[in-house]
file work-v2.csv (CSV, C-alpha atoms)
chain,number,residue,atom,x,y,z
P,11,MET,CA,43.8,96.9,138.4
P,12,GLN,CA,43.0,100.2,136.7
P,13,ILE,CA,45.4,101.6,134.2
P,14,SER,CA,45.5,105.4,134.2
P,15,PRO,CA,46.5,107.6,131.2
P,16,GLU,CA,49.6,108.5,133.2
P,17,ASP,CA,50.6,104.9,133.3
P,18,ILE,CA,50.3,104.6,129.6
P,19,THR,CA,52.3,107.9,129.1
P,20,ARG,CA,55.0,106.6,131.4
P,21,GLU,CA,55.2,103.2,129.6
P,22,ILE,CA,55.4,104.9,126.2
P,23,ALA,CA,58.2,107.1,127.5
P,24,ARG,CA,60.0,104.1,128.9
P,25,LEU,CA,59.8,102.2,125.6
P,26,GLN,CA,60.9,105.3,123.7
P,27,ARG,CA,63.9,105.7,126.0
P,28,ASN,CA,64.7,102.0,125.7
P,29,PHE,CA,64.6,102.2,121.9
P,30,GLU,CA,66.9,105.4,121.9
P,31,PHE,CA,69.5,103.6,124.1
P,32,LEU,CA,69.4,100.6,121.8
P,33,SER,CA,70.1,102.8,118.8
P,34,TYR,CA,72.9,104.6,120.6
P,35,GLY,CA,74.4,101.2,121.7
P,36,LEU,CA,74.4,99.8,118.2
P,37,ILE,CA,75.7,103.0,116.6
P,38,VAL,CA,78.6,103.3,119.0
P,39,ALA,CA,79.5,99.6,118.7
P,40,TRP,CA,79.5,99.7,114.9
P,41,LEU,CA,81.3,103.1,114.9
P,42,ALA,CA,84.1,101.4,116.9
P,43,LEU,CA,84.4,98.7,114.3
P,44,VAL,CA,84.2,101.1,111.4
P,45,VAL,CA,87.0,103.3,112.9
P,46,TYR,CA,89.1,100.2,113.3
P,47,VAL,CA,88.5,99.2,109.6
P,48,LEU,CA,89.4,102.8,108.5
P,49,MET,CA,92.6,102.5,110.5
P,50,MET,CA,93.4,99.2,108.8
P,51,VAL,CA,92.8,100.8,105.3
P,52,ALA,CA,95.1,103.7,106.2
P,53,ARG,CA,97.8,101.2,107.4
P,54,GLU,CA,97.4,99.1,104.2
P,55,ARG,CA,98.0,102.3,102.1
P,56,LYS,CA,101.0,103.2,104.1
P,57,LEU,CA,102.5,99.7,103.8
P,58,LYS,CA,102.0,99.7,100.0
P,59,ARG,CA,103.7,103.1,99.7
P,60,GLU,CA,106.6,102.0,101.8
P,61,ILE,CA,107.1,98.8,99.8
P,62,ALA,CA,107.0,100.7,96.5
P,63,GLY,CA,109.4,103.3,97.9
P,64,LEU,CA,111.9,100.6,99.1
P,65,ARG,CA,111.7,98.7,95.9
P,66,ALA,CA,112.4,101.8,93.9
P,67,MET,CA,115.3,102.6,96.1
P,68,LEU,CA,116.8,99.1,95.7
P,69,GLU,CA,116.4,99.4,91.9
P,70,ASP,CA,118.3,102.7,92.0
P,71,LYS,CA,121.1,101.3,94.1
P,72,ARG,CA,121.5,98.3,91.8
R,6,MET,CA,92.6,83.5,94.7
R,7,ARG,CA,93.1,84.4,98.4
R,8,GLN,CA,92.0,88.0,97.6
R,9,LYS,CA,88.8,86.8,96.0
R,10,LEU,CA,88.0,84.5,98.9
R,11,ILE,CA,88.4,87.3,101.4
R,12,PHE,CA,86.3,89.6,99.2
R,13,ALA,CA,83.5,86.9,98.9
R,14,LEU,CA,83.5,86.3,102.6
R,15,GLY,CA,83.3,90.0,103.3
R,16,ILE,CA,80.3,90.4,101.0
R,17,PHE,CA,78.7,87.4,102.6
R,18,SER,CA,79.1,88.8,106.1
R,19,ILE,CA,77.8,92.2,105.2
R,20,LEU,CA,74.8,90.8,103.4
R,21,LEU,CA,74.1,88.4,106.3
R,22,LEU,CA,74.5,91.3,108.9
R,23,THR,CA,72.1,93.5,106.9
R,24,ARG,CA,69.5,90.7,106.8
R,25,ASN,CA,70.0,90.0,110.5
R,26,ILE,CA,69.5,93.7,111.5
R,27,TYR,CA,66.3,93.7,109.4
R,28,VAL,CA,65.1,90.5,111.2
R,29,ILE,CA,66.1,91.8,114.7
R,30,SER,CA,64.3,95.1,114.2
R,31,GLY,CA,61.1,93.2,113.4
R,32,LEU,CA,61.2,91.1,116.6
R,33,PRO,CA,58.8,92.2,119.3
R,34,PRO,CA,60.2,94.0,122.4
R,35,GLU,CA,61.1,91.7,125.3
R,36,ALA,CA,58.3,91.6,128.0
R,37,ASN,CA,60.4,92.9,130.9
R,38,GLN,CA,63.3,94.8,129.4
R,39,GLY,CA,61.7,96.2,126.2
R,40,ALA,CA,63.6,97.0,123.1
R,41,ILE,CA,67.0,97.3,124.8
R,42,PHE,CA,67.1,93.5,125.3
R,43,LYS,CA,67.8,93.2,121.5
R,44,ILE,CA,71.3,94.5,122.2
R,45,ILE,CA,72.1,90.9,123.3
R,46,PHE,CA,72.1,89.9,119.6
R,47,PHE,CA,75.3,92.0,119.2
R,48,HIS,CA,76.6,92.3,122.8
R,49,ALA,CA,76.9,88.5,123.4
R,50,THR,CA,77.9,87.6,119.9
R,51,MET,CA,80.7,90.2,119.9
R,52,ALA,CA,82.0,88.7,123.2
R,53,MET,CA,81.8,85.2,121.7
R,54,THR,CA,83.7,86.3,118.6
R,55,ALA,CA,86.3,88.2,120.6
R,56,LEU,CA,86.9,85.3,123.1
R,57,THR,CA,87.1,82.7,120.2
R,58,GLY,CA,89.8,85.0,118.8
R,59,SER,CA,91.7,85.0,122.1
R,60,PHE,CA,91.7,81.2,122.0
R,61,VAL,CA,93.1,81.2,118.5
R,62,ALA,CA,95.7,83.8,119.5
R,63,PHE,CA,96.6,81.6,122.5
R,64,ALA,CA,97.0,78.5,120.2
R,65,ALA,CA,99.0,80.5,117.7
R,66,SER,CA,101.3,81.8,120.4
R,67,VAL,CA,102.0,78.2,121.7
R,68,LEU,CA,102.6,77.0,118.1
R,69,PHE,CA,105.1,79.9,117.6
R,70,LEU,CA,107.0,78.9,120.7
R,71,ILE,CA,107.1,75.3,119.5
R,72,THR,CA,107.9,75.8,115.8
R,73,ARG,CA,109.5,79.3,115.7
R,74,ASN,CA,107.5,79.9,112.5
R,75,PHE,CA,106.7,83.6,112.1
R,76,PHE,CA,103.4,82.8,110.5
R,77,TRP,CA,102.0,81.9,114.0
R,78,ASP,CA,103.3,85.2,115.4
R,79,ALA,CA,101.6,87.1,112.6
R,80,LEU,CA,98.3,85.2,113.2
R,81,ALA,CA,98.5,85.8,116.9
R,82,VAL,CA,98.9,89.6,116.5
R,83,ALA,CA,96.2,89.8,113.8
R,84,VAL,CA,93.6,87.9,115.8
R,85,THR,CA,94.4,89.7,119.0
R,86,GLU,CA,94.1,93.2,117.4
R,87,VAL,CA,90.7,92.3,115.7
R,88,GLY,CA,89.5,90.6,118.8
R,89,LEU,CA,90.3,93.7,120.8
R,90,ALA,CA,88.1,95.8,118.6
R,91,PHE,CA,85.2,93.3,119.1
R,92,LEU,CA,85.8,93.2,122.8
R,93,ALA,CA,85.6,97.0,122.9
R,94,ALA,CA,82.3,96.9,121.1
R,95,ASN,CA,81.1,94.3,123.6
R,96,LEU,CA,82.0,96.5,126.6
R,97,ILE,CA,80.4,99.5,125.0
R,98,THR,CA,77.1,97.8,124.2
R,99,GLY,CA,77.0,96.2,127.7
R,100,SER,CA,77.6,99.5,129.4
R,101,ILE,CA,74.7,101.1,127.4
R,102,TRP,CA,72.4,98.1,128.3
R,103,ALA,CA,73.4,98.5,132.0
R,104,ARG,CA,72.5,102.2,132.0
R,105,VAL,CA,68.9,101.4,131.0
R,106,ILE,CA,68.4,98.2,133.1
R,107,TRP,CA,70.5,98.9,136.2
R,108,GLY,CA,70.5,102.7,136.0
R,109,ILE,CA,74.4,102.8,136.0
R,110,TRP,CA,77.0,102.7,133.3
R,111,TRP,CA,79.4,100.4,135.1
R,112,THR,CA,79.8,98.3,138.2
R,113,TRP,CA,82.9,96.5,139.4
R,114,ASP,CA,81.4,93.0,139.5
R,115,ALA,CA,83.5,89.9,138.5
R,116,ARG,CA,82.3,89.6,134.9
R,117,LEU,CA,82.7,93.3,134.0
R,118,THR,CA,86.0,93.7,135.8
R,119,SER,CA,87.5,90.5,134.3
R,120,ALA,CA,86.3,91.5,130.8
R,121,LEU,CA,87.9,95.0,131.3
R,122,ILE,CA,91.2,93.4,132.5
R,123,CYS,CA,91.1,91.1,129.5
R,124,TRP,CA,90.8,94.1,127.2
R,125,LEU,CA,93.7,95.9,129.0
R,126,LEU,CA,95.9,92.8,128.9
R,127,TYR,CA,95.5,92.4,125.1
R,128,ALA,CA,96.0,96.2,124.7
R,129,GLY,CA,99.2,95.7,126.7
R,130,TYR,CA,100.2,92.8,124.4
R,131,LEU,CA,100.0,95.2,121.4
R,132,MET,CA,101.9,97.9,123.3
R,133,LEU,CA,104.6,95.4,124.2
R,134,ARG,CA,105.1,94.5,120.5
R,135,ARG,CA,105.7,98.1,119.7
R,136,ALA,CA,108.3,98.4,122.4
R,137,ILE,CA,110.6,95.6,121.1
R,138,GLU,CA,112.6,96.2,117.9
R,139,GLU,CA,114.3,92.8,117.3
R,140,PRO,CA,111.7,90.5,115.5
R,141,THR,CA,112.6,87.2,117.1
R,142,GLN,CA,112.7,88.7,120.6
R,143,ARG,CA,109.5,90.6,120.0
R,144,ALA,CA,107.7,87.5,118.8
R,145,THR,CA,108.9,85.3,121.7
R,146,PHE,CA,108.1,87.9,124.5
R,147,ALA,CA,104.7,88.6,122.8
R,148,ALA,CA,103.9,84.9,122.6
R,149,VAL,CA,104.7,84.4,126.3
R,150,PHE,CA,102.6,87.5,127.2
R,151,ASN,CA,99.7,86.3,125.1
R,152,ILE,CA,99.7,82.9,126.8
R,153,PHE,CA,99.7,84.7,130.2
R,154,ALA,CA,96.8,87.0,129.1
R,155,PHE,CA,94.7,84.0,128.1
R,156,ILE,CA,94.5,82.9,131.7
R,157,ASP,CA,91.9,85.7,132.1
R,158,VAL,CA,89.6,84.3,129.4
R,159,PRO,CA,88.1,81.4,131.4
R,160,ILE,CA,87.7,83.8,134.3
R,161,VAL,CA,85.6,86.1,132.0
R,162,VAL,CA,83.5,83.2,130.7
R,163,PHE,CA,82.9,81.4,134.0
R,164,SER,CA,82.8,84.4,136.4
R,165,ILE,CA,79.0,84.4,136.1
R,166,LYS,CA,78.9,80.8,137.2
R,167,TRP,CA,81.5,81.0,139.9
R,168,TRP,CA,80.4,84.2,141.7
R,169,ARG,CA,77.2,86.0,142.3
R,170,THR,CA,77.4,88.9,139.9
R,171,GLN,CA,75.2,91.8,138.9
R,172,HIS,CA,75.7,90.7,135.3
R,173,PRO,CA,72.9,88.3,134.3
R,174,GLN,CA,73.5,84.6,134.8
R,175,PRO,CA,74.2,82.5,131.6
R,176,VAL,CA,71.3,82.4,129.2
R,177,PHE,CA,72.5,79.6,127.0
R,178,TRP,CA,74.2,77.1,129.2
R,179,ALA,CA,72.7,77.2,132.7
R,180,GLY,CA,69.0,76.7,132.2
R,181,GLY,CA,68.2,80.2,131.0
R,182,SER,CA,65.4,80.5,128.5
R,183,PHE,CA,65.5,82.0,125.0
R,184,PRO,CA,62.7,81.5,122.4
R,185,PRO,CA,63.8,79.1,119.7
R,186,ASP,CA,63.1,81.5,116.8
R,187,TRP,CA,65.2,84.2,118.6
R,188,LEU,CA,67.9,81.6,119.2
R,189,ALA,CA,68.1,81.0,115.4
R,190,VAL,CA,68.5,84.8,114.8
R,191,PHE,CA,71.2,84.9,117.5
R,192,TYR,CA,73.2,82.1,115.8
R,193,TRP,CA,72.8,83.7,112.4
R,194,ASN,CA,74.2,86.9,113.8
R,195,LEU,CA,77.0,85.0,115.5
R,196,LEU,CA,77.9,83.5,112.1
R,197,ALA,CA,77.8,86.9,110.4
R,198,LEU,CA,80.1,88.4,113.0
R,199,MET,CA,82.5,85.4,112.9
R,200,ALA,CA,82.7,85.8,109.1
R,201,LEU,CA,83.3,89.6,109.4
R,202,CYS,CA,86.0,88.9,112.1
R,203,ALA,CA,87.7,86.3,109.8
R,204,VAL,CA,87.8,88.8,106.9
R,205,MET,CA,89.4,91.5,109.2
R,206,ILE,CA,91.9,88.9,110.5
R,207,ALA,CA,92.8,87.9,106.9
R,208,VAL,CA,93.4,91.6,105.9
R,209,ARG,CA,95.4,92.2,109.1
R,210,LEU,CA,97.5,89.0,108.4
R,211,ARG,CA,98.3,90.3,104.9
R,212,GLN,CA,99.5,93.5,106.5
R,213,GLU,CA,101.8,91.6,108.8
R,214,GLU,CA,103.2,89.8,105.8
R,215,ALA,CA,103.7,93.2,104.1
R,216,GLN,CA,105.5,94.4,107.2
R,217,ARG,CA,107.8,91.4,107.1
R,218,GLU,CA,108.5,92.2,103.4
R,219,ILE,CA,109.4,95.8,104.3
R,220,ASP,CA,111.8,94.5,107.0
R,221,SER,CA,113.6,92.2,104.5
R,222,LEU,CA,113.7,95.0,101.9
R,223,ARG,CA,115.2,97.3,104.5
R,224,ARG,CA,117.9,94.7,105.4
R,225,MET,CA,118.7,94.3,101.7
R,226,ALA,CA,118.9,98.1,101.3
R,227,HIS,CA,121.3,98.2,104.2
R,228,SER,CA,123.5,95.4,102.9
R,229,LEU,CA,123.9,97.0,99.4

call {"tool": "encode", "arguments": {"input": "work-v2.csv", "output": "structure tokens"}}
result
Amino acid sequence: MQISPEDITREIARLQRNFEFLSYGLIVAWLALVVYVLMMVARERKLKREIAGLRAMLEDKR
Amino acid sequence: MRQKLIFALGIFSILLLTRNIYVISGLPPEANQGAIFKIIFFHATMAMTALTGSFVAFAASVLFLITRNFFWDALAVAVTEVGLAFLAANLITGSIWARVIWGIWWTWDARLTSALICWLLYAGYLMLRRAIEEPTQRATFAAVFNIFAFIDVPIVVFSIKWWRTQHPQPVFWAGGSFPPDWLAVFYWNLLALMALCAVMIAVRLRQEEAQREIDSLRRMAHSL
């Protein structure tokens, strides 16, 4: 079977597109996890602030 | 000590993931699917991590109902929340793979639909927890709901065996083929993601403990 230059161009384009989608997939998946980690960090800070505030309030009341 | 252990495990998982990404990028493209096939190293491992988490959450919920120890409730919520993030990543990577191979982003076949229902059930579990104020009632209702949600997990896992689906048939446990050296990379990546998941659960568990401390401090403030 003869392979024409168009076949090669088409195959290169397919591989390129394949690779692009792989990159998008991995970026989006990791972004979802990074966003979740950032949300956890923000929650941790909020909890620490709340505990410190409550402890200070209890000290004042005593 | 616990802090150091979490930190060490976090460093280990990140180093292992970096190494795995380097190894995966060096693998040749798959003969039929091309480079996009490599998404399986994250898509399938994320699903395995998430579904292992759902089993742990199920066991923790059962243990809470038996013992009434709030540690199990905290563990169930921590594992469910982290597992939900992994399942979301699994659905996203699967959808992107489907766009290249099937030409569509989504199809309502048994595997994809049951996985989406699984995600929605666990999201519902977290919403239910927010809706109930009283801690004992919240933990009890949430545990029962979590046990109910777990019914979907075997359906997600075995749907590709039970029904003809557009989703590919099992690669690892039904005669599918995977080159041995690729299999090793796959398991290393599974280990890295499991370790990362464990770190995230440990951090989230600590936050639940902090929340309980806040609740008790509030009660003390009210009683003074």

call {"tool": "atom_distance", "arguments": {"input": "work-v2.csv", "atom1": "atom CA of R:Arg217", "atom2": "atom CA of R:Leu201"}}
result
24.7 Å

call {"tool": "atom_distance", "arguments": {"input": "work-v2.csv", "atom1": "atom CA of R:Ala148", "atom2": "atom CA of R:Thr72"}}
result
12.0 Å

call {"tool": "residues_around", "arguments": {"input": "work-v2.csv", "residues": "P:Leu64", "least_positions_apart": "4", "cutoff": "9 Å", "atoms": "all atoms listed in the file", "output": "PyMOL selection string"}}
result
(chain P and resi 59-60+68-69) or (chain R and resi 219+222-223+226)

call {"tool": "closest_atom_pairs", "arguments": {"input": "work-v2.csv", "of": "chain P", "to": "chain R", "cutoff": "10 Å", "atoms": "all atoms listed in the file", "output": "CSV"}}
result
residue,atom,partner,partner_atom,distance
P:Arg24,CA,R:Gly39,CA,8.5
P:Leu25,CA,R:Gly39,CA,6.3
P:Gln26,CA,R:Ala40,CA,8.7
P:Arg27,CA,R:Val105,CA,8.3
P:Asn28,CA,R:Ile41,CA,5.3
P:Phe29,CA,R:Ala40,CA,5.4
P:Glu30,CA,R:Ile41,CA,8.6
P:Phe31,CA,R:Ile101,CA,6.6
P:Leu32,CA,R:Ile41,CA,5.1
P:Ser33,CA,R:Ile41,CA,8.7
P:Tyr34,CA,R:Ile101,CA,7.9
P:Gly35,CA,R:Thr98,CA,5.0
P:Leu36,CA,R:Thr98,CA,6.9
P:Ile37,CA,R:Thr98,CA,9.3
P:Val38,CA,R:Ile97,CA,7.3
P:Ala39,CA,R:Ala94,CA,4.6
P:Trp40,CA,R:Ala94,CA,7.4
P:Leu41,CA,R:Ala94,CA,8.8
P:Ala42,CA,R:Ala94,CA,6.4
P:Leu43,CA,R:Ala90,CA,6.4
P:Val44,CA,R:Ala90,CA,9.8
P:Val45,CA,R:Ala90,CA,9.5
P:Tyr46,CA,R:Ala90,CA,7.0
P:Val47,CA,R:Met205,CA,7.8
P:Met50,CA,R:Arg209,CA,7.3
P:Val51,CA,R:Val208,CA,9.2
P:Arg53,CA,R:Gln212,CA,7.9
P:Glu54,CA,R:Gln212,CA,6.4
P:Arg55,CA,R:Gln212,CA,10.0
P:Leu57,CA,R:Ala215,CA,6.6
P:Lys58,CA,R:Ala215,CA,7.9
P:Glu60,CA,R:Ile219,CA,7.2
P:Ile61,CA,R:Ile219,CA,5.9
P:Ala62,CA,R:Ile219,CA,9.5
P:Gly63,CA,R:Ile219,CA,9.9
P:Leu64,CA,R:Leu222,CA,6.5
P:Arg65,CA,R:Leu222,CA,7.3
P:Met67,CA,R:Ala226,CA,7.8
P:Leu68,CA,R:Ala226,CA,6.1
P:Glu69,CA,R:Ala226,CA,9.8
P:Lys71,CA,R:Leu229,CA,7.4
P:Arg72,CA,R:Leu229,CA,8.1

call {"tool": "closest_residue", "arguments": {"input": "work-v2.csv", "among": "R:Met53, R:Ile156, R:Ala13, R:Cys123", "to": "R:Leu196", "atoms": "only C-alpha atoms"}}
result
R:Met53

call {"tool": "atom_distance", "arguments": {"input": "work-v2.csv", "atom1": "atom CA of R:Ala120", "atom2": "atom CA of R:Pro184"}}
result
27.0 Å

call {"tool": "closest_residue", "arguments": {"input": "work-v2.csv", "among": "R:Ala207, R:Ser59, R:Asp78, R:Ser66", "to": "R:Gln8", "atoms": "only C-alpha atoms"}}
result
R:Ala207

call {"tool": "decode", "arguments": {"input": "work-v2.csv", "residues": "stretch 115-148 of chain R", "atoms": "N, CA and C atoms", "output": "PDB file, in the first residue's frame"}}
result
ATOM      1  N   ALA R 115     -23.761   2.592  30.964  1.00  0.00           N
ATOM      2  CA  ALA R 115     -23.883   2.176  32.371  1.00  0.00           C
ATOM      3  C   ALA R 115     -22.710   2.651  33.231  1.00  0.00           C
ATOM      4  N   ARG R 116     -21.470   2.553  32.721  1.00  0.00           N
ATOM      5  CA  ARG R 116     -20.311   2.920  33.526  1.00  0.00           C
ATOM      6  C   ARG R 116     -20.306   4.424  33.810  1.00  0.00           C
ATOM      7  N   LEU R 117     -20.453   5.225  32.751  1.00  0.00           N
ATOM      8  CA  LEU R 117     -20.365   6.671  32.933  1.00  0.00           C
ATOM      9  C   LEU R 117     -21.508   7.188  33.801  1.00  0.00           C
ATOM     10  N   THR R 118     -22.717   6.659  33.542  1.00  0.00           N
ATOM     11  CA  THR R 118     -23.884   7.134  34.294  1.00  0.00           C
ATOM     12  C   THR R 118     -23.771   6.745  35.769  1.00  0.00           C
ATOM     13  N   SER R 119     -23.370   5.488  36.043  1.00  0.00           N
ATOM     14  CA  SER R 119     -23.261   5.065  37.453  1.00  0.00           C
ATOM     15  C   SER R 119     -22.149   5.846  38.163  1.00  0.00           C
ATOM     16  N   ALA R 120     -21.066   6.173  37.443  1.00  0.00           N
ATOM     17  CA  ALA R 120     -19.989   6.960  38.057  1.00  0.00           C
ATOM     18  C   ALA R 120     -20.477   8.373  38.378  1.00  0.00           C
ATOM     19  N   LEU R 121     -21.253   8.951  37.464  1.00  0.00           N
ATOM     20  CA  LEU R 121     -21.790  10.299  37.716  1.00  0.00           C
ATOM     21  C   LEU R 121     -22.774  10.276  38.891  1.00  0.00           C
ATOM     22  N   ILE R 122     -23.611   9.229  38.946  1.00  0.00           N
ATOM     23  CA  ILE R 122     -24.557   9.095  40.068  1.00  0.00           C
ATOM     24  C   ILE R 122     -23.779   8.965  41.385  1.00  0.00           C
ATOM     25  N   CYS R 123     -22.686   8.205  41.342  1.00  0.00           N
ATOM     26  CA  CYS R 123     -21.834   8.030  42.519  1.00  0.00           C
ATOM     27  C   CYS R 123     -21.327   9.396  43.001  1.00  0.00           C
ATOM     28  N   TRP R 124     -20.858  10.195  42.056  1.00  0.00           N
ATOM     29  CA  TRP R 124     -20.346  11.537  42.395  1.00  0.00           C
ATOM     30  C   TRP R 124     -21.464  12.385  43.005  1.00  0.00           C
ATOM     31  N   LEU R 125     -22.647  12.331  42.392  1.00  0.00           N
ATOM     32  CA  LEU R 125     -23.775  13.137  42.882  1.00  0.00           C
ATOM     33  C   LEU R 125     -24.226  12.665  44.271  1.00  0.00           C
ATOM     34  N   LEU R 126     -24.211  11.339  44.499  1.00  0.00           N
ATOM     35  CA  LEU R 126     -24.614  10.809  45.814  1.00  0.00           C
ATOM     36  C   LEU R 126     -23.667  11.313  46.907  1.00  0.00           C
ATOM     37  N   TYR R 127     -22.353  11.259  46.633  1.00  0.00           N
ATOM     38  CA  TYR R 127     -21.404  11.706  47.659  1.00  0.00           C
ATOM     39  C   TYR R 127     -21.438  13.225  47.831  1.00  0.00           C
ATOM     40  N   ALA R 128     -21.735  13.946  46.748  1.00  0.00           N
ATOM     41  CA  ALA R 128     -21.922  15.411  46.886  1.00  0.00           C
ATOM     42  C   ALA R 128     -23.165  15.665  47.753  1.00  0.00           C
ATOM     43  N   GLY R 129     -24.203  14.855  47.561  1.00  0.00           N
ATOM     44  CA  GLY R 129     -25.420  14.958  48.367  1.00  0.00           C
ATOM     45  C   GLY R 129     -25.140  14.670  49.832  1.00  0.00           C
ATOM     46  N   TYR R 130     -24.237  13.718  50.084  1.00  0.00           N
ATOM     47  CA  TYR R 130     -23.840  13.381  51.462  1.00  0.00           C
ATOM     48  C   TYR R 130     -23.246  14.620  52.158  1.00  0.00           C
ATOM     49  N   LEU R 131     -22.368  15.323  51.425  1.00  0.00           N
ATOM     50  CA  LEU R 131     -21.732  16.513  52.021  1.00  0.00           C
ATOM     51  C   LEU R 131     -22.762  17.627  52.236  1.00  0.00           C
ATOM     52  N   MET R 132     -23.723  17.733  51.298  1.00  0.00           N
ATOM     53  CA  MET R 132     -24.772  18.756  51.448  1.00  0.00           C
ATOM     54  C   MET R 132     -25.684  18.427  52.629  1.00  0.00           C
ATOM     55  N   LEU R 133     -25.976  17.143  52.788  1.00  0.00           N
ATOM     56  CA  LEU R 133     -26.816  16.708  53.913  1.00  0.00           C
ATOM     57  C   LEU R 133     -26.176  17.107  55.241  1.00  0.00           C
ATOM     58  N   ARG R 134     -24.863  16.931  55.334  1.00  0.00           N
ATOM     59  CA  ARG R 134     -24.161  17.272  56.577  1.00  0.00           C
ATOM     60  C   ARG R 134     -24.274  18.745  56.916  1.00  0.00           C
ATOM     61  N   ARG R 135     -24.287  19.571  55.871  1.00  0.00           N
ATOM     62  CA  ARG R 135     -24.392  21.015  56.100  1.00  0.00           C
ATOM     63  C   ARG R 135     -25.789  21.413  56.574  1.00  0.00           C
ATOM     64  N   ALA R 136     -26.767  20.568  56.207  1.00  0.00           N
ATOM     65  CA  ALA R 136     -28.164  20.934  56.494  1.00  0.00           C
ATOM     66  C   ALA R 136     -28.583  20.595  57.926  1.00  0.00           C
ATOM     67  N   ILE R 137     -27.806  19.733  58.626  1.00  0.00           N
ATOM     68  CA  ILE R 137     -28.204  19.324  59.986  1.00  0.00           C
ATOM     69  C   ILE R 137     -27.247  19.943  61.007  1.00  0.00           C
ATOM     70  N   GLU R 138     -27.812  20.632  61.981  1.00  0.00           N
ATOM     71  CA  GLU R 138     -27.004  21.349  62.980  1.00  0.00           C
ATOM     72  C   GLU R 138     -26.537  20.442  64.124  1.00  0.00           C
ATOM     73  N   GLU R 139     -27.456  19.640  64.636  1.00  0.00           N
ATOM     74  CA  GLU R 139     -27.156  18.852  65.839  1.00  0.00           C
ATOM     75  C   GLU R 139     -26.134  17.750  65.492  1.00  0.00           C
ATOM     76  N   PRO R 140     -24.952  17.720  66.179  1.00  0.00           N
ATOM     77  CA  PRO R 140     -23.868  16.817  65.771  1.00  0.00           C
ATOM     78  C   PRO R 140     -24.217  15.325  65.741  1.00  0.00           C
ATOM     79  N   THR R 141     -24.927  14.825  66.777  1.00  0.00           N
ATOM     80  CA  THR R 141     -25.215  13.380  66.817  1.00  0.00           C
ATOM     81  C   THR R 141     -26.190  12.992  65.707  1.00  0.00           C
ATOM     82  N   GLN R 142     -27.203  13.828  65.524  1.00  0.00           N
ATOM     83  CA  GLN R 142     -28.193  13.570  64.472  1.00  0.00           C
ATOM     84  C   GLN R 142     -27.525  13.645  63.089  1.00  0.00           C
ATOM     85  N   ARG R 143     -26.658  14.672  62.939  1.00  0.00           N
ATOM     86  CA  ARG R 143     -25.941  14.843  61.662  1.00  0.00           C
ATOM     87  C   ARG R 143     -25.102  13.609  61.341  1.00  0.00           C
ATOM     88  N   ALA R 144     -24.335  13.155  62.338  1.00  0.00           N
ATOM     89  CA  ALA R 144     -23.451  11.998  62.124  1.00  0.00           C
ATOM     90  C   ALA R 144     -24.257  10.735  61.815  1.00  0.00           C
ATOM     91  N   THR R 145     -25.393  10.550  62.510  1.00  0.00           N
ATOM     92  CA  THR R 145     -26.200   9.340  62.306  1.00  0.00           C
ATOM     93  C   THR R 145     -26.829   9.336  60.908  1.00  0.00           C
ATOM     94  N   PHE R 146     -27.479  10.442  60.547  1.00  0.00           N
ATOM     95  CA  PHE R 146     -28.122  10.528  59.223  1.00  0.00           C
ATOM     96  C   PHE R 146     -27.072  10.387  58.109  1.00  0.00           C
ATOM     97  N   ALA R 147     -25.933  11.054  58.327  1.00  0.00           N
ATOM     98  CA  ALA R 147     -24.872  11.021  57.309  1.00  0.00           C
ATOM     99  C   ALA R 147     -24.328   9.605  57.135  1.00  0.00           C
ATOM    100  N   ALA R 148     -24.177   8.879  58.261  1.00  0.00           N
ATOM    101  CA  ALA R 148     -23.659   7.501  58.189  1.00  0.00           C
ATOM    102  C   ALA R 148     -24.630   6.606  57.413  1.00  0.00           C
TER     103      ALA R 148
END
